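Okay, structure first, notes after.
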Amino acid sequence: MGQYFTAEMSDPGEGRHLLTIGFGEQARNSTIVVDAVETLRGLALDGGKAILINGPTTNAAAMAIAHSVAHKYGYVACYDPKLGAYVVVISHDPEVKVGRELVL
């Protein structure tokens, strides 16, 4: 885990990975983004059907995270607490459309 950004991977089943993210020590966004990318690199994400992302982050870090995982997974979804569901934000899978809501 990074000093300014935290990430843990788990397996919720069905060929998907769950990435739980958060903040470490307080820092500027320019520092958090670099730490987020390095932290993800350290997880050695091997890709798969899908990655679900849950946890607080900044807009800049969210974009860096999405870029880091987008081409390793069939689709990327992030948790929306207002909906109580994950929303697909990137998809390379023709059966999973952007905007689809997923409830675990």
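In the structure tokens, chains take the letters A, B, ... in the order shown, each chain's residues start at 1, and ligands count up from 1 in the order shown.
By only C-alpha atoms, and with residues fewer than 4 positions from Leu19 (chain A) along its chain excluded, the set lying at most 8 Å from it is A:Ala7, A:Glu8, A:Met9, A:Ser10, A:Ile51, A:Leu52, A:Ile53, A:Asn54.
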To test your reading of the structure, identify every residue in region 3-102 of chain A that backbone DSSP assigns to strand (DSSP E), and report it as a PyMOL selection string. chain A and resi 5-13+16-23+48-54+73-80+85-91+101-102
Tell me, as a ChimeraX atom specification, which residues lie within 10 Å of Gly99 (chain A), counting only C-alpha atoms; anything in the same chain fewer than 5 positions away does not count. /A:77,86-91
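For the atom pair formed by CA of Asp46 (chain A) and CA of Tyr73 (chain A), the distance is 8.6 Å, given to one decimal.
Pairwise distance (CA of His17 (chain A), CA of Ser30 (chain A)) equals 26.8 Å.
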